[in-house]
file input_2.txt (compact mmCIF, C-alpha atoms)
# COMPACT_ATOMS: atom_id res chain seq x y z
CA MET A 1 4.57 27.02 -30.41
CA SER A 2 1.51 24.96 -31.25
CA LYS A 3 -0.97 26.13 -33.91
CA GLY A 4 -3.56 26.77 -31.18
CA HIS A 5 -1.17 28.94 -29.17
CA TYR A 6 -0.16 30.81 -32.29
CA LEU A 7 -3.80 31.37 -33.19
CA THR A 8 -4.39 32.78 -29.68
CA TYR A 9 -1.36 35.04 -30.07
CA LEU A 10 -2.55 36.37 -33.43
CA LEU A 11 -6.23 36.87 -32.56
CA ARG A 12 -5.60 38.41 -29.14
CA HIS A 13 -2.41 40.35 -29.56
CA HIS A 14 -0.67 40.59 -32.94
CA PRO A 15 -2.77 40.10 -36.10
CA GLU A 16 -0.22 42.26 -37.93
CA ASP A 17 2.36 39.45 -37.67
CA GLU A 18 0.42 37.59 -40.37
CA ASP A 19 -1.04 40.72 -41.98
CA LEU A 20 -4.58 39.77 -40.91
CA ASP A 21 -7.41 42.23 -41.55
CA MET A 22 -9.18 42.43 -38.18
CA ASP A 23 -12.41 44.30 -37.51
CA ILE A 24 -13.27 46.32 -34.40
CA HIS A 25 -14.61 43.25 -32.55
CA GLY A 26 -11.55 41.12 -33.33
CA TYR A 27 -12.97 39.07 -36.22
CA VAL A 28 -10.76 38.04 -39.15
CA LYS A 29 -11.80 36.25 -42.33
CA VAL A 30 -11.46 32.50 -41.99
CA ASP A 31 -10.19 32.17 -45.59
CA GLN A 32 -7.49 34.78 -44.96
CA LEU A 33 -6.42 33.05 -41.74
CA LEU A 34 -6.29 29.63 -43.41
CA ASP A 35 -4.19 31.07 -46.23
CA ARG A 36 -1.75 32.89 -43.93
CA LEU A 37 -1.27 29.91 -41.60
CA SER A 38 -1.34 27.19 -44.28
CA LEU A 39 -4.17 25.42 -42.47
CA THR A 40 -7.17 23.54 -43.79
CA LYS A 41 -10.66 24.37 -42.55
CA SER A 42 -10.83 20.99 -40.81
CA GLN A 43 -7.54 21.71 -39.01
CA LEU A 44 -8.89 25.07 -37.82
CA ASP A 45 -12.16 23.41 -36.77
CA GLN A 46 -10.12 20.91 -34.74
CA ILE A 47 -8.17 23.70 -32.99
CA VAL A 48 -11.40 25.54 -32.15
CA ALA A 49 -13.24 22.41 -30.98
CA THR A 50 -10.43 21.13 -28.76
CA ASP A 51 -9.40 24.41 -27.14
CA ASN A 52 -9.84 23.75 -23.42
CA LYS A 53 -10.88 27.34 -22.70
CA GLN A 54 -13.15 27.72 -25.73
CA ARG A 55 -11.20 30.84 -26.69
CA PHE A 56 -12.42 31.06 -30.28
CA LYS A 57 -15.75 31.75 -31.92
CA TYR A 58 -16.90 31.63 -35.52
CA SER A 59 -19.36 34.24 -36.77
CA SER A 60 -22.90 32.95 -37.33
CA ASP A 61 -22.22 32.57 -41.07
CA GLY A 62 -18.89 30.80 -40.41
CA LEU A 63 -16.92 33.25 -42.56
CA PHE A 64 -15.09 34.95 -39.68
CA ILE A 65 -13.35 33.90 -36.46
CA LYS A 66 -12.29 35.78 -33.33
CA ALA A 67 -10.86 35.30 -29.86
CA CYS A 68 -13.71 35.67 -27.35
CA GLN A 69 -11.73 37.80 -24.89
CA GLY A 70 -8.19 38.52 -23.71
CA HIS A 71 -7.21 41.09 -26.31
CA SER A 72 -4.36 43.50 -25.74
CA ILE A 73 -5.11 45.31 -29.02
CA PRO A 74 -6.31 48.75 -27.85
CA TRP A 75 -8.84 49.34 -30.64
CA VAL A 76 -10.62 45.97 -30.37
CA ILE A 77 -13.95 46.25 -28.54
CA PRO A 78 -14.78 42.90 -26.92
CA GLU A 79 -18.35 41.69 -27.39
CA LEU A 80 -19.64 41.21 -23.86
CA THR A 81 -23.11 40.68 -22.44
CA TYR A 82 -23.59 42.92 -19.40
CA LYS A 83 -25.49 41.27 -16.56
CA ASN A 84 -25.15 40.32 -12.92
CA PRO A 85 -22.62 37.56 -12.32
CA PRO A 86 -22.84 34.70 -9.85
CA ASN A 87 -22.37 35.87 -6.25
CA ILE A 88 -18.83 34.50 -6.16
CA LEU A 89 -16.29 34.68 -8.97
CA TYR A 90 -12.73 33.34 -9.08
CA HIS A 91 -9.56 34.94 -10.41
CA GLY A 92 -6.53 32.76 -11.13
CA THR A 93 -3.14 34.38 -10.62
CA THR A 94 0.28 33.69 -9.10
CA HIS A 95 1.69 34.30 -5.63
CA GLU A 96 3.99 36.97 -7.07
CA ALA A 97 1.11 38.76 -8.81
CA TYR A 98 -1.00 38.50 -5.65
CA GLN A 99 1.68 40.38 -3.72
CA LEU A 100 1.52 43.15 -6.34
CA ILE A 101 -2.29 43.16 -6.08
CA LEU A 102 -2.02 43.71 -2.33
CA GLU A 103 0.53 46.51 -2.84
CA THR A 104 -1.51 48.37 -5.48
CA GLY A 105 -4.89 47.78 -3.84
CA TYR A 106 -6.61 46.14 -6.81
CA ILE A 107 -6.53 43.39 -9.40
CA SER A 108 -5.45 45.10 -12.61
CA LYS A 109 -6.43 44.29 -16.16
CA MET A 110 -2.74 44.70 -17.06
CA GLU A 111 -2.46 45.26 -20.81
CA ARG A 112 -5.76 43.57 -21.62
CA HIS A 113 -9.23 45.03 -21.87
CA ALA A 114 -10.44 43.57 -18.58
CA VAL A 115 -9.73 41.51 -15.49
CA HIS A 116 -10.82 37.94 -16.23
CA MET A 117 -12.76 35.87 -13.72
CA GLN A 118 -14.46 32.50 -13.79
CA ALA A 119 -17.71 31.21 -12.30
CA THR A 120 -15.97 28.01 -11.19
CA MET A 121 -12.78 27.44 -9.29
CA ASP A 122 -11.67 24.71 -11.72
CA LYS A 123 -11.34 27.12 -14.63
CA SER A 124 -9.54 29.69 -12.51
CA ILE A 125 -7.08 27.02 -11.34
CA GLN A 126 -6.38 26.32 -15.00
CA SER A 127 -5.59 30.02 -15.49
CA ALA A 128 -3.44 30.20 -12.35
CA THR A 129 -1.28 27.19 -13.22
CA ARG A 130 -0.30 28.27 -16.72
CA TRP A 131 2.43 30.64 -15.48
CA HIS A 132 4.72 27.90 -14.05
CA LYS A 133 4.84 29.80 -10.75
CA THR A 134 3.04 29.31 -7.42
CA PRO A 135 -0.67 29.44 -8.38
CA VAL A 136 -3.25 31.31 -6.32
CA VAL A 137 -7.01 31.56 -6.80
CA LEU A 138 -8.74 34.63 -5.42
CA GLU A 139 -12.37 34.32 -4.39
CA ILE A 140 -14.18 37.53 -5.36
CA ASP A 141 -17.36 38.86 -3.72
CA ALA A 142 -19.09 39.73 -6.99
CA TYR A 143 -22.44 40.11 -5.23
CA GLN A 144 -21.10 42.97 -3.11
CA MET A 145 -19.41 44.53 -6.12
CA VAL A 146 -22.76 44.64 -7.94
CA GLN A 147 -24.40 46.10 -4.81
CA ASP A 148 -21.69 48.78 -4.86
CA GLY A 149 -22.40 49.70 -8.48
CA TYR A 150 -19.87 47.67 -10.47
CA GLU A 151 -20.96 46.27 -13.85
CA PHE A 152 -19.79 42.94 -15.19
CA GLY A 153 -19.67 41.67 -18.74
CA VAL A 154 -19.46 38.04 -19.76
CA SER A 155 -17.81 36.81 -22.95
CA ASP A 156 -19.22 34.19 -25.30
CA ASN A 157 -17.05 31.56 -23.61
CA GLY A 158 -18.20 32.42 -20.08
CA VAL A 159 -15.32 34.59 -18.87
CA TRP A 160 -16.51 37.39 -16.57
CA CYS A 161 -14.84 40.71 -17.28
CA ILE A 162 -14.49 43.96 -15.36
CA GLU A 163 -12.11 46.93 -15.43
CA GLN A 164 -10.54 46.21 -12.03
CA VAL A 165 -11.26 44.56 -8.69
CA PRO A 166 -10.38 46.49 -5.51
CA VAL A 167 -8.81 44.25 -2.83
CA GLN A 168 -11.68 44.76 -0.38
CA TYR A 169 -13.74 42.42 -2.60
CA ILE A 170 -11.26 39.54 -2.27
CA LYS A 171 -12.95 37.18 0.20
CA GLN A 172 -10.07 34.73 0.40
CA GLU A 173 -6.97 33.50 -1.35
CA ILE A 174 -6.55 29.83 -2.07
CA PHE A 175 -3.01 28.57 -2.66
CA ILE A 176 -2.99 25.70 -5.14
CA LYS A 177 -0.56 22.81 -4.80
CA LYS A 178 0.90 21.65 -8.07
call {"tool": "encode", "arguments": {"input": "input_2.txt", "output": "structure tokens"}}
result
Amino acid sequence: MSKGHYLTYLLRHHPEDEDLDMDIHGYVKVDQLLDRLSLTKSQLDQIVATDNKQRFKYSSDGLFIKACQGHSIPWVIPELTYKNPPNILYHGTTHEAYQLILETGYISKMERHAVHMQATMDKSIQSATRWHKTPVVLEIDAYQMVQDGYEFGVSDNGVWCIEQVPVQYIKQEIFIKK
């Protein structure tokens, strides 16, 4: 597993694996992280700067780092800005997961804090293709969801988050060829 993937794993799911002291918003001390992972600050900066999804964020003073969203840690409270999203959002998934979505009647947040959606199809394709299964992008009518009273939050790295998406808001499914 690459250092970037391991950092994602720790900051989103299992800080206890490296005995990291994490606060309620998912921040850990940079010095502690560097020590536990035997990284230099420049190596960590390189991981953060080159992450294609911009998953990580330093605190304003640079002393702490967190994953912007995607946590499965129940007590972490993601820092989201609540506002109206673009009229259309995109959710990357797999054909298998889409079948489950149709059966249950909604897109589920699974074990994370929220369903993740993107403002562009490109980023959702990136999410859909990571599973090594048949990728599907779902086009979501976010405008109608807002009209119907749903609230959306957006993370620091531009991921739109919501508790769940009922299937009636899926405008279309787009099957992606690998």
call {"tool": "residues_around", "arguments": {"input": "input_2.txt", "residues": "range 157-159 of chain A", "least_positions_apart": "4", "cutoff": "10 Å", "atoms": "all atoms listed in the file", "output": "list in words"}}
result
Lys53, Gln54, Arg55, Phe56, Lys57, Ala67, Cys68, Gln69, Gly70, Leu80, Thr81, Leu89, Val115, His116, Met117, Gln118, Ala119, Lys123, Ser124 and Gly153 of chain A
call {"tool": "closest_residue", "arguments": {"input": "input_2.txt", "among": "A:Glu96, A:Asp141, A:Asp31, A:Asp156", "to": "Ala128 in chain A", "atoms": "only C-alpha atoms"}}
result
A:Glu96
call {"tool": "closest_residue", "arguments": {"input": "input_2.txt", "among": "A:His14, A:His25, A:His91, A:Lys41", "to": "Cys161 in chain A", "atoms": "only C-alpha atoms"}}
result
A:His91
call {"tool": "residues_around", "arguments": {"input": "input_2.txt", "residues": "Met145 in chain A", "least_positions_apart": "6", "cutoff": "12 Å", "atoms": "only C-alpha atoms", "output": "short mmCIF file (atom, residue, chain, number, x, y, z; two decimals) with C-alpha atoms, keeping the file's coordinate frame"}}
result
data_model
loop_
_atom_site.label_atom_id
_atom_site.label_comp_id
_atom_site.auth_asym_id
_atom_site.auth_seq_id
_atom_site.Cartn_x
_atom_site.Cartn_y
_atom_site.Cartn_z
CA ASN A 84 -25.15 40.32 -12.92
CA PRO A 85 -22.62 37.56 -12.32
CA PRO A 86 -22.84 34.70 -9.85
CA ASN A 87 -22.37 35.87 -6.25
CA ILE A 88 -18.83 34.50 -6.16
CA LEU A 89 -16.29 34.68 -8.97
CA GLU A 151 -20.96 46.27 -13.85
CA PHE A 152 -19.79 42.94 -15.19
CA ILE A 162 -14.49 43.96 -15.36
CA GLN A 164 -10.54 46.21 -12.03
CA VAL A 165 -11.26 44.56 -8.69
CA PRO A 166 -10.38 46.49 -5.51
CA VAL A 167 -8.81 44.25 -2.83
CA GLN A 168 -11.68 44.76 -0.38
CA TYR A 169 -13.74 42.42 -2.60
CA ILE A 170 -11.26 39.54 -2.27
CA LYS A 171 -12.95 37.18 0.20
#
call {"tool": "closest_residue", "arguments": {"input": "input_2.txt", "among": "A:Val30, A:Ile125, A:Ile77, A:Val146", "to": "Leu63 in chain A", "atoms": "only C-alpha atoms"}}
result
A:Val30
call {"tool": "atom_distance", "arguments": {"input": "input_2.txt", "atom1": "CA of Gln172 in chain A", "atom2": "CA of Val137 in chain A"}}
result
8.4 Å
call {"tool": "atom_distance", "arguments": {"input": "input_2.txt", "atom1": "CA of Ile47 in chain A", "atom2": "CA of Ser72 in chain A"}}
result
21.4 Å
